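work-v9.cif (mmCIF, C-alpha atoms)
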data_target
loop_
_atom_site.label_atom_id
_atom_site.label_comp_id
_atom_site.auth_asym_id
_atom_site.auth_seq_id
_atom_site.Cartn_x
_atom_site.Cartn_y
_atom_site.Cartn_z
CA THR A 914 138.16 246.13 9.80
CA LEU A 915 139.69 242.75 9.03
CA GLY A 916 137.27 241.18 11.47
CA VAL A 917 139.85 238.85 13.10
CA ALA A 918 141.73 238.89 16.38
CA ASP A 919 145.22 240.40 16.46
CA GLY A 920 147.76 237.88 15.21
CA ASP A 921 145.09 235.45 14.02
CA THR A 922 145.46 234.91 10.27
CA SER A 923 143.02 232.01 10.03
CA GLY A 924 140.27 232.84 7.58
CA LEU A 925 142.45 235.31 5.70
CA SER A 926 143.32 234.72 2.06
CA PRO A 927 146.69 232.97 1.56
CA TYR A 928 146.90 234.25 -2.03
CA PHE A 929 146.06 237.96 -1.84
CA ASP A 930 146.99 241.02 0.13
CA TYR A 931 144.87 241.10 3.27
CA ARG A 932 143.62 244.63 2.69
CA GLN A 933 142.63 243.87 -0.88
CA ARG A 934 140.88 240.60 -0.11
CA ASN A 935 139.71 240.71 3.50
CA TYR A 936 139.55 244.31 4.68
CA GLY A 937 136.02 245.66 4.94
CA PRO A 938 133.15 246.44 7.31
CA LEU A 939 131.88 243.79 9.70
CA GLY A 940 128.31 242.56 9.44
CA PHE A 941 127.16 244.75 12.34
CA ASP A 942 128.79 247.90 10.94
CA ARG A 943 126.47 250.93 10.70
CA PRO A 944 128.18 253.98 9.14
CA HIS A 945 125.25 256.30 9.87
CA VAL A 946 123.23 256.23 13.08
CA PHE A 947 120.91 259.03 14.19
CA VAL A 948 118.94 258.63 17.42
CA VAL A 949 117.04 261.44 19.11
CA ASN A 950 114.82 261.48 22.22
CA TYR A 951 112.37 264.27 22.86
CA VAL A 952 109.75 265.40 25.38
CA TYR A 953 107.32 268.25 24.76
CA ASP A 954 104.74 269.59 27.19
CA LEU A 955 101.85 270.92 25.17
CA PRO A 956 100.60 274.43 26.05
CA LYS A 957 97.84 274.58 28.67
CA ILE A 958 95.18 276.01 26.41
CA GLY A 959 92.34 275.48 28.90
CA THR A 960 94.12 277.53 31.59
CA ARG A 961 94.87 280.29 29.11
CA LEU A 962 91.21 280.47 28.16
CA GLY A 963 90.24 280.69 31.82
CA GLY A 964 87.98 277.67 31.91
CA ARG A 965 88.58 275.03 34.58
CA PRO A 966 86.37 272.35 32.98
CA LEU A 967 88.10 273.08 29.69
CA GLY A 968 91.45 272.62 31.42
CA TRP A 969 90.53 269.08 32.42
CA VAL A 970 90.24 268.23 28.74
CA MET A 971 92.93 270.37 27.11
CA ASP A 972 95.66 270.81 29.75
CA ASN A 973 98.50 268.56 30.97
CA TRP A 974 99.19 266.78 27.69
CA GLN A 975 102.71 265.60 26.89
CA LEU A 976 104.26 264.23 23.71
CA SER A 977 107.48 262.20 23.90
CA GLY A 978 109.30 259.77 21.66
CA MET A 979 112.41 258.35 20.12
CA THR A 980 113.37 258.48 16.44
CA THR A 981 115.99 256.11 15.02
CA ILE A 982 117.42 256.43 11.52
CA GLN A 983 120.40 254.25 10.62
CA SER A 984 122.12 252.36 7.84
CA GLY A 985 121.38 248.69 7.18
CA SER A 986 123.70 245.80 7.94
CA ALA A 987 126.40 244.83 5.47
CA PHE A 988 126.87 241.61 3.49
CA THR A 989 128.65 240.21 0.44
CA PRO A 990 126.54 238.29 -2.11
CA GLY A 991 127.38 234.62 -1.94
CA PHE A 992 128.75 232.86 -5.02
CA GLY A 993 126.75 229.79 -5.99
CA LEU A 994 126.56 227.44 -8.95
CA LYS A 995 123.47 225.65 -10.21
CA ASN A 996 125.54 222.45 -10.43
CA SER A 997 128.23 221.94 -7.81
CA GLU A 998 131.69 222.13 -9.33
CA GLU A 999 135.26 222.84 -8.19
CA TRP A 1000 135.93 226.40 -9.34
CA THR A 1001 139.24 227.78 -8.10
CA GLY A 1002 141.33 224.63 -7.81
CA SER A 1003 142.35 225.64 -4.29
CA ALA A 1004 141.16 225.65 -0.70
CA GLU A 1005 139.83 229.20 -1.09
CA GLY A 1006 136.43 229.52 -2.71
CA ALA A 1007 135.51 232.03 -5.36
CA ARG A 1008 133.54 235.22 -4.88
CA VAL A 1009 131.32 236.95 -7.38
CA ASP A 1010 132.73 239.43 -9.88
CA VAL A 1011 131.64 243.03 -9.28
CA VAL A 1012 130.89 244.59 -12.67
CA GLY A 1013 128.84 247.66 -11.70
CA ASP A 1014 127.21 249.68 -8.94
CA TRP A 1015 124.87 247.60 -6.76
CA LYS A 1016 122.88 250.63 -5.60
CA LEU A 1017 119.56 251.44 -7.23
CA PRO A 1018 117.87 254.86 -7.13
CA LYS A 1019 114.97 254.89 -4.69
CA SER A 1020 112.52 255.30 -7.57
CA GLU A 1021 113.72 252.03 -9.13
CA ARG A 1022 113.69 249.83 -6.05
CA THR A 1023 110.96 247.22 -5.85
CA PHE A 1024 110.13 244.38 -3.48
CA ASN A 1025 111.55 241.91 -6.00
CA ARG A 1026 114.63 243.95 -6.94
CA TRP A 1027 116.01 246.03 -4.10
CA ILE A 1028 119.55 246.15 -5.48
CA ASN A 1029 121.06 246.12 -8.96
CA THR A 1030 121.59 242.37 -9.33
CA ASP A 1031 123.22 242.95 -12.72
CA ALA A 1032 126.20 244.43 -10.88
CA PHE A 1033 127.36 240.90 -10.03
CA ALA A 1034 128.58 238.25 -12.43
CA MET A 1035 130.07 234.77 -12.39
CA PRO A 1036 133.88 234.79 -12.21
CA ALA A 1037 135.80 232.91 -14.89
CA LYS A 1038 136.67 229.38 -13.90
CA GLY A 1039 140.03 229.24 -12.17
CA THR A 1040 139.69 232.77 -10.81
CA PHE A 1041 138.67 233.99 -7.36
CA GLY A 1042 136.25 236.80 -8.22
CA THR A 1043 136.69 240.51 -7.66
CA ALA A 1044 134.39 241.04 -4.65
CA GLY A 1045 137.24 241.89 -2.31
CA GLY A 1046 136.89 243.60 1.02
CA GLY A 1047 133.78 241.76 2.10
CA ASN A 1048 130.37 243.12 3.13
CA LEU A 1049 130.12 245.53 0.22
CA VAL A 1050 126.29 245.61 -0.02
CA ARG A 1051 123.81 247.08 2.47
CA ASN A 1052 120.47 245.72 3.62
CA PRO A 1053 117.59 248.22 3.97
CA GLY A 1054 118.12 250.67 6.81
CA VAL A 1055 116.02 251.61 9.82
CA ASN A 1056 113.58 254.54 10.00
CA THR A 1057 111.53 254.17 13.18
CA TRP A 1058 109.40 256.69 15.05
CA ASP A 1059 108.21 255.59 18.51
CA LEU A 1060 105.82 257.99 20.21
CA ALA A 1061 104.02 258.33 23.53
CA ILE A 1062 101.12 260.63 24.37
CA THR A 1063 100.23 261.15 28.02
CA LYS A 1064 97.49 263.03 29.81
CA LYS A 1065 97.72 263.98 33.48
CA PHE A 1066 94.56 264.39 35.59
CA PRO A 1067 95.25 266.18 38.93
CA LEU A 1068 93.36 264.70 41.89
CA GLY A 1069 93.04 267.52 44.37
CA SER A 1070 96.76 268.05 45.08
CA GLU A 1071 100.16 268.09 43.41
CA GLU A 1072 100.99 264.74 45.03
CA ARG A 1073 98.10 262.81 43.53
CA TRP A 1074 97.19 262.44 39.89
CA LEU A 1075 95.96 259.96 37.33
CA GLN A 1076 97.98 259.44 34.16
CA PHE A 1077 96.63 258.03 30.91
CA ARG A 1078 99.37 256.97 28.49
CA THR A 1079 99.31 255.80 24.87
CA GLU A 1080 102.49 254.32 23.41
CA MET A 1081 103.00 253.64 19.72
CA PHE A 1082 105.99 251.78 18.27
CA ASN A 1083 106.51 252.51 14.57
CA ALA A 1084 103.81 255.14 14.97
CA PRO A 1085 103.49 256.02 11.23
CA ASN A 1086 103.06 252.29 10.51
CA HIS A 1087 105.22 252.56 7.40
CA THR A 1088 106.65 249.37 5.94
CA GLN A 1089 110.29 248.76 6.82
CA TYR A 1090 112.22 246.00 5.11
CA SER A 1091 114.95 244.28 7.10
CA GLY A 1092 116.74 241.91 4.73
CA MET A 1093 116.95 240.33 1.29
CA GLY A 1094 118.17 237.21 -0.47
CA THR A 1095 121.96 237.30 -0.55
CA GLY A 1096 122.87 234.17 -2.52
CA THR A 1097 123.48 233.89 -6.26
CA SER A 1098 123.11 230.81 -8.45
CA PHE A 1099 124.87 230.83 -11.81
CA GLU A 1100 124.48 228.48 -14.76
CA ASN A 1101 127.82 226.71 -15.00
CA ALA A 1102 128.05 226.89 -18.77
CA THR A 1103 126.44 230.24 -19.59
CA GLY A 1104 127.17 232.30 -16.47
CA LYS A 1105 123.53 233.40 -16.24
CA GLN A 1106 122.33 234.26 -12.74
CA THR A 1107 119.23 232.11 -12.08
CA SER A 1108 118.43 232.58 -8.39
CA THR A 1109 114.87 233.86 -7.98
CA THR A 1110 115.54 235.13 -4.45
CA PHE A 1111 118.74 237.14 -4.96
CA GLY A 1112 118.06 240.80 -4.16
CA VAL A 1113 114.43 240.02 -3.23
CA ILE A 1114 113.14 241.35 0.10
CA ASN A 1115 112.63 238.50 2.55
CA GLY A 1116 112.09 240.23 5.89
CA THR A 1117 110.21 243.15 7.43
CA ARG A 1118 110.37 244.94 10.73
CA ALA A 1119 107.38 245.07 13.07
CA PRO A 1120 104.28 247.06 12.08
CA ARG A 1121 102.74 249.64 14.40
CA GLN A 1122 102.20 248.32 17.91
CA MET A 1123 100.17 250.20 20.50
CA GLN A 1124 99.63 249.88 24.21
CA LEU A 1125 97.48 251.84 26.66
CA SER A 1126 98.04 252.31 30.36
CA LEU A 1127 96.40 254.02 33.30
CA LYS A 1128 98.45 254.85 36.42
CA LEU A 1129 97.52 256.35 39.76
CA TYR A 1130 100.27 258.41 41.46
CA PHE A 1131 99.92 259.15 45.15
#
Could I get this file's structure written as structure tokens?
Amino acid sequence: TLGVADGDTSGLSPYFDYRQRNYGPLGFDRPHVFVVNYVYDLPKIGTRLGGRPLGWVMDNWQLSGMTTIQSGSAFTPGFGLKNSEEWTGSAEGARVDVVGDWKLPKSERTFNRWINTDAFAMPAKGTFGTAGGGNLVRNPGVNTWDLAITKKFPLGSEERWLQFRTEMFNAPNHTQYSGMGTGTSFENATGKQTSTTFGVINGTRAPRQMQLSLKLYF
């Protein structure tokens, strides 16, 4: 979307076609979102084997959880100069030039280079850069598995039982990055990109968190 209210042209480029210069996803856009909730009652093995003491240990287990897999948030790399200098000669600032594909194969991504930083270059002085549309790069996505394991202990009747519950958020405890450096810094004379943080991971999501509970139902 253009990301502005109907009829409001403030913030839009006065020099270019709106769709060419301003049209693009908003920062909270997520093109792919997959969320699934599930509950599974494990088979009562103790009852099947005919052993009541065994049933206390092996019966009444339940597995439940929620899995979320979604795209990362969108951003446009910021254009920066090592030494401050007027670049476009107008009220509208320049954007970076896009000279390649910013995406890297999964096998080539590293903590210090999550995107192809060579895909962005300094625009020629007096130009506005070619990064039209806005928010053309994606931060790392989400891949979270939250699980709960419960065990029910009957207490003489169907109306009374004790429940032991274990909840795990990010159960596999796999590392999930949440953001990266988005700003460039170019040498004014040579056009060399010198920022040491551009494309470098700078945020992570929470590691595994666990909590235990014991409830009496009556």
Could you pull the residues within 9 Å of A:His945, counting only C-alpha atoms, minus those fewer than 4 positions along the same chain, as a VMD selection string?
-> chain A and resid 982 to 985
Please identify all polymer residues lying at most 9 Å from the point (127.8, 245.8, -6.8) (file coordinates), using all atoms listed in the file, and present the result as a PyMOL selection string.
-> chain A and resi 990+1010-1016+1028-1033+1044+1049-1050
Quick one: write out the picked residues with C-alpha atoms as a PDB file, keeping the file's coordinate frame?
ATOM      1  CA  PRO A 990     126.540 238.290  -2.110  1.00  0.00           C
ATOM      2  CA  ASP A1010     132.730 239.430  -9.880  1.00  0.00           C
ATOM      3  CA  VAL A1011     131.640 243.030  -9.280  1.00  0.00           C
ATOM      4  CA  VAL A1012     130.890 244.590 -12.670  1.00  0.00           C
ATOM      5  CA  GLY A1013     128.840 247.660 -11.700  1.00  0.00           C
ATOM      6  CA  ASP A1014     127.210 249.680  -8.940  1.00  0.00           C
ATOM      7  CA  TRP A1015     124.870 247.600  -6.760  1.00  0.00           C
ATOM      8  CA  LYS A1016     122.880 250.630  -5.600  1.00  0.00           C
ATOM      9  CA  ILE A1028     119.550 246.150  -5.480  1.00  0.00           C
ATOM     10  CA  ASN A1029     121.060 246.120  -8.960  1.00  0.00           C
ATOM     11  CA  THR A1030     121.590 242.370  -9.330  1.00  0.00           C
ATOM     12  CA  ASP A1031     123.220 242.950 -12.720  1.00  0.00           C
ATOM     13  CA  ALA A1032     126.200 244.430 -10.880  1.00  0.00           C
ATOM     14  CA  PHE A1033     127.360 240.900 -10.030  1.00  0.00           C
ATOM     15  CA  ALA A1044     134.390 241.040  -4.650  1.00  0.00           C
ATOM     16  CA  LEU A1049     130.120 245.530   0.220  1.00  0.00           C
ATOM     17  CA  VAL A1050     126.290 245.610  -0.020  1.00  0.00           C
TER      18      VAL A1050
END
Output check: residues returned by the PyMOL selection byres ((chain A and resi 1104) around 12), as a PyMOL selection string | chain A and resi 992-996+1009-1010+1031+1033-1038+1097-1103+1105-1108
Output C-alpha atoms for every residue in that selection, as a PDB file, in the frame of the given file.
ATOM      1  CA  PHE A 992     128.750 232.860  -5.020  1.00  0.00           C
ATOM      2  CA  GLY A 993     126.750 229.790  -5.990  1.00  0.00           C
ATOM      3  CA  LEU A 994     126.560 227.440  -8.950  1.00  0.00           C
ATOM      4  CA  LYS A 995     123.470 225.650 -10.210  1.00  0.00           C
ATOM      5  CA  ASN A 996     125.540 222.450 -10.430  1.00  0.00           C
ATOM      6  CA  VAL A1009     131.320 236.950  -7.380  1.00  0.00           C
ATOM      7  CA  ASP A1010     132.730 239.430  -9.880  1.00  0.00           C
ATOM      8  CA  ASP A1031     123.220 242.950 -12.720  1.00  0.00           C
ATOM      9  CA  PHE A1033     127.360 240.900 -10.030  1.00  0.00           C
ATOM     10  CA  ALA A1034     128.580 238.250 -12.430  1.00  0.00           C
ATOM     11  CA  MET A1035     130.070 234.770 -12.390  1.00  0.00           C
ATOM     12  CA  PRO A1036     133.880 234.790 -12.210  1.00  0.00           C
ATOM     13  CA  ALA A1037     135.800 232.910 -14.890  1.00  0.00           C
ATOM     14  CA  LYS A1038     136.670 229.380 -13.900  1.00  0.00           C
ATOM     15  CA  THR A1097     123.480 233.890  -6.260  1.00  0.00           C
ATOM     16  CA  SER A1098     123.110 230.810  -8.450  1.00  0.00           C
ATOM     17  CA  PHE A1099     124.870 230.830 -11.810  1.00  0.00           C
ATOM     18  CA  GLU A1100     124.480 228.480 -14.760  1.00  0.00           C
ATOM     19  CA  ASN A1101     127.820 226.710 -15.000  1.00  0.00           C
ATOM     20  CA  ALA A1102     128.050 226.890 -18.770  1.00  0.00           C
ATOM     21  CA  THR A1103     126.440 230.240 -19.590  1.00  0.00           C
ATOM     22  CA  LYS A1105     123.530 233.400 -16.240  1.00  0.00           C
ATOM     23  CA  GLN A1106     122.330 234.260 -12.740  1.00  0.00           C
ATOM     24  CA  THR A1107     119.230 232.110 -12.080  1.00  0.00           C
ATOM     25  CA  SER A1108     118.430 232.580  -8.390  1.00  0.00           C
TER      26      SER A1108
END
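Rounded to one decimal, atom CA of A:Pro966 and atom CA of A:Lys1065 lie 14.1 Å from each other.
Interatomic distance, atom CA of A:Tyr1090 against atom CA of A:Gly1042: 29.0 Å.
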Two-atom distance - atom CA of A:Lys1128, atom CA of A:Asn973 (Å) | 14.8 Å
Let me know the residues the PyMOL selection byres ((chain A and resi 1085) around 12) catches in the file above, as a ChimeraX atom specification.
-> /A:980,1056-1060,1081-1084,1086-1089,1119-1123
Dump C-alpha atoms for the selected residues as a PDB file, in the frame of the given file?
ATOM      1  CA  THR A 980     113.370 258.480  16.440  1.00  0.00           C
ATOM      2  CA  ASN A1056     113.580 254.540  10.000  1.00  0.00           C
ATOM      3  CA  THR A1057     111.530 254.170  13.180  1.00  0.00           C
ATOM      4  CA  TRP A1058     109.400 256.690  15.050  1.00  0.00           C
ATOM      5  CA  ASP A1059     108.210 255.590  18.510  1.00  0.00           C
ATOM      6  CA  LEU A1060     105.820 257.990  20.210  1.00  0.00           C
ATOM      7  CA  MET A1081     103.000 253.640  19.720  1.00  0.00           C
ATOM      8  CA  PHE A1082     105.990 251.780  18.270  1.00  0.00           C
ATOM      9  CA  ASN A1083     106.510 252.510  14.570  1.00  0.00           C
ATOM     10  CA  ALA A1084     103.810 255.140  14.970  1.00  0.00           C
ATOM     11  CA  ASN A1086     103.060 252.290  10.510  1.00  0.00           C
ATOM     12  CA  HIS A1087     105.220 252.560   7.400  1.00  0.00           C
ATOM     13  CA  THR A1088     106.650 249.370   5.940  1.00  0.00           C
ATOM     14  CA  GLN A1089     110.290 248.760   6.820  1.00  0.00           C
ATOM     15  CA  ALA A1119     107.380 245.070  13.070  1.00  0.00           C
ATOM     16  CA  PRO A1120     104.280 247.060  12.080  1.00  0.00           C
ATOM     17  CA  ARG A1121     102.740 249.640  14.400  1.00  0.00           C
ATOM     18  CA  GLN A1122     102.200 248.320  17.910  1.00  0.00           C
ATOM     19  CA  MET A1123     100.170 250.200  20.500  1.00  0.00           C
TER      20      MET A1123
END
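Excluding A:Trp1074 itself and any same-chain residue fewer than 4 positions from it, the protein and nucleic acid residues within 8 Å of it, counting only C-alpha atoms, are A:Lys1065, A:Phe1066, A:Pro1067, A:Leu1068, A:Gly1069, A:Ser1070, A:Leu1129, A:Tyr1130, A:Phe1131.
With all atoms listed in the file as the atoms that count, the residue of A:Lys1064, A:Arg965, A:Arg1008, A:Arg1118 with the shortest distance to A:Gly1092 is A:Arg1118.
Distances here use only C-alpha atoms; by that measure, the residue among A:Leu1017, A:Leu1127, A:Leu976, A:Val1113 closest to A:Ile1062 is A:Leu976.
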List the neighbours of A:Gln933 out to 10 Å using only C-alpha atoms; skip same-chain residues closer than 5 positions along the sequence, and give me the result as a PyMOL selection string.
-> chain A and resi 926+1043-1047
Specify the axis-aligned box that encloses all atoms of stretch 1058-1068 of chain A listed in the file after padding of 8 Å on each side, stating its centre and edge lengths in Å to one decimal as AutoDock Vina command-line options.
--center_x 101.4 --center_y 260.9 --center_z 28.5 --size_x 32.0 --size_y 26.6 --size_z 42.8
If we count all atoms listed in the file, what is near A:Thr1063 at a cut-off of 8 Å, once residues fewer than 6 positions away on the same chain are taken out, given as a ChimeraX atom specification?
-> /A:974-976,1076-1079
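What the PyMOL selection byres ((chain A and resi 1025) around 9) matches in the given file is A:Arg1022, A:Thr1023, A:Phe1024, A:Arg1026, A:Trp1027, A:Thr1109, A:Thr1110, A:Phe1111, A:Gly1112, A:Val1113, A:Ile1114.
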May I have the residues within 8 Å of A:Thr960 as a PyMOL selection string, using all atoms listed in the file and disregarding those fewer than 6 positions away in the same chain?
-> chain A and resi 967-968+972
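Distance annotation: of A:Ala1007, A:Gly963, A:Thr1001, A:Asn950, the residue with the minimal separation from A:Thr981 is A:Asn950; atom set is all atoms listed in the file.
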Please complete stretch 963-987 of chain A with N, CA, C and O atoms and give it back as a short mmCIF file (atom, residue, chain, number, x, y, z; two decimals), in the frame of the given file.
data_model
loop_
_atom_site.label_atom_id
_atom_site.label_comp_id
_atom_site.auth_asym_id
_atom_site.auth_seq_id
_atom_site.Cartn_x
_atom_site.Cartn_y
_atom_site.Cartn_z
N GLY A 963 90.93 280.37 30.57
CA GLY A 963 90.24 280.69 31.82
C GLY A 963 89.11 279.76 32.17
O GLY A 963 88.25 280.13 32.99
N GLY A 964 89.07 278.60 31.60
CA GLY A 964 87.98 277.67 31.91
C GLY A 964 88.49 276.42 32.58
O GLY A 964 89.23 275.64 31.97
N ARG A 965 88.09 276.20 33.86
CA ARG A 965 88.58 275.03 34.58
C ARG A 965 88.09 273.72 33.97
O ARG A 965 88.88 272.79 33.81
N PRO A 966 86.82 273.60 33.63
CA PRO A 966 86.37 272.35 32.98
C PRO A 966 87.11 272.12 31.65
O PRO A 966 87.44 270.98 31.31
N LEU A 967 87.37 273.21 30.94
CA LEU A 967 88.10 273.08 29.69
C LEU A 967 89.53 272.62 29.95
O LEU A 967 90.10 271.87 29.15
N GLY A 968 90.10 273.03 31.07
CA GLY A 968 91.45 272.62 31.42
C GLY A 968 91.57 271.12 31.65
O GLY A 968 92.60 270.52 31.36
N TRP A 969 90.50 270.52 32.20
CA TRP A 969 90.53 269.08 32.42
C TRP A 969 90.70 268.33 31.10
O TRP A 969 91.31 267.26 31.05
N VAL A 970 90.19 268.90 30.05
CA VAL A 970 90.24 268.23 28.74
C VAL A 970 91.51 268.61 27.98
O VAL A 970 92.16 267.75 27.38
N MET A 971 91.89 269.88 28.02
CA MET A 971 92.93 270.37 27.11
C MET A 971 94.30 270.59 27.75
O MET A 971 95.29 270.79 27.05
N ASP A 972 94.38 270.56 29.08
CA ASP A 972 95.66 270.81 29.75
C ASP A 972 96.39 269.51 30.10
O ASP A 972 95.79 268.43 30.10
N ASN A 973 97.67 269.65 30.45
CA ASN A 973 98.50 268.56 30.97
C ASN A 973 98.70 267.41 29.97
O ASN A 973 98.74 266.24 30.35
N TRP A 974 98.84 267.77 28.71
CA TRP A 974 99.19 266.78 27.69
C TRP A 974 100.69 266.83 27.43
O TRP A 974 101.30 267.90 27.44
N GLN A 975 101.28 265.68 27.17
CA GLN A 975 102.71 265.60 26.89
C GLN A 975 102.97 264.64 25.73
O GLN A 975 102.38 263.55 25.66
N LEU A 976 103.85 265.06 24.84
CA LEU A 976 104.26 264.23 23.71
C LEU A 976 105.74 263.89 23.88
O LEU A 976 106.57 264.78 24.11
N SER A 977 106.09 262.63 23.79
CA SER A 977 107.48 262.20 23.90
C SER A 977 107.73 261.08 22.89
O SER A 977 106.80 260.48 22.37
N GLY A 978 109.00 260.83 22.62
CA GLY A 978 109.30 259.77 21.66
C GLY A 978 110.77 259.58 21.41
O GLY A 978 111.63 260.28 21.98
N MET A 979 111.04 258.64 20.55
CA MET A 979 112.41 258.35 20.12
C MET A 979 112.38 258.04 18.63
O MET A 979 111.58 257.23 18.17
N THR A 980 113.25 258.70 17.88
CA THR A 980 113.37 258.48 16.44
C THR A 980 114.74 257.88 16.16
O THR A 980 115.76 258.38 16.63
N THR A 981 114.75 256.78 15.38
CA THR A 981 115.99 256.11 15.02
C THR A 981 116.08 255.98 13.51
O THR A 981 115.19 255.43 12.87
N ILE A 982 117.15 256.54 12.95
CA ILE A 982 117.42 256.43 11.52
C ILE A 982 118.86 255.94 11.37
O ILE A 982 119.79 256.61 11.83
N GLN A 983 119.04 254.78 10.73
CA GLN A 983 120.40 254.25 10.62
C GLN A 983 120.55 253.38 9.38
O GLN A 983 119.56 252.91 8.80
N SER A 984 121.79 253.18 9.00
CA SER A 984 122.12 252.36 7.84
C SER A 984 121.80 250.89 8.12
O SER A 984 121.74 250.46 9.27
N GLY A 985 121.62 250.12 7.05
CA GLY A 985 121.38 248.69 7.18
C GLY A 985 122.67 247.92 7.38
O GLY A 985 123.77 248.44 7.23
N SER A 986 122.53 246.66 7.74
CA SER A 986 123.70 245.80 7.94
C SER A 986 124.36 245.48 6.60
O SER A 986 123.75 245.60 5.53
N ALA A 987 125.62 245.06 6.67
CA ALA A 987 126.40 244.83 5.47
C ALA A 987 126.53 243.34 5.17
O ALA A 987 126.55 242.51 6.07
#
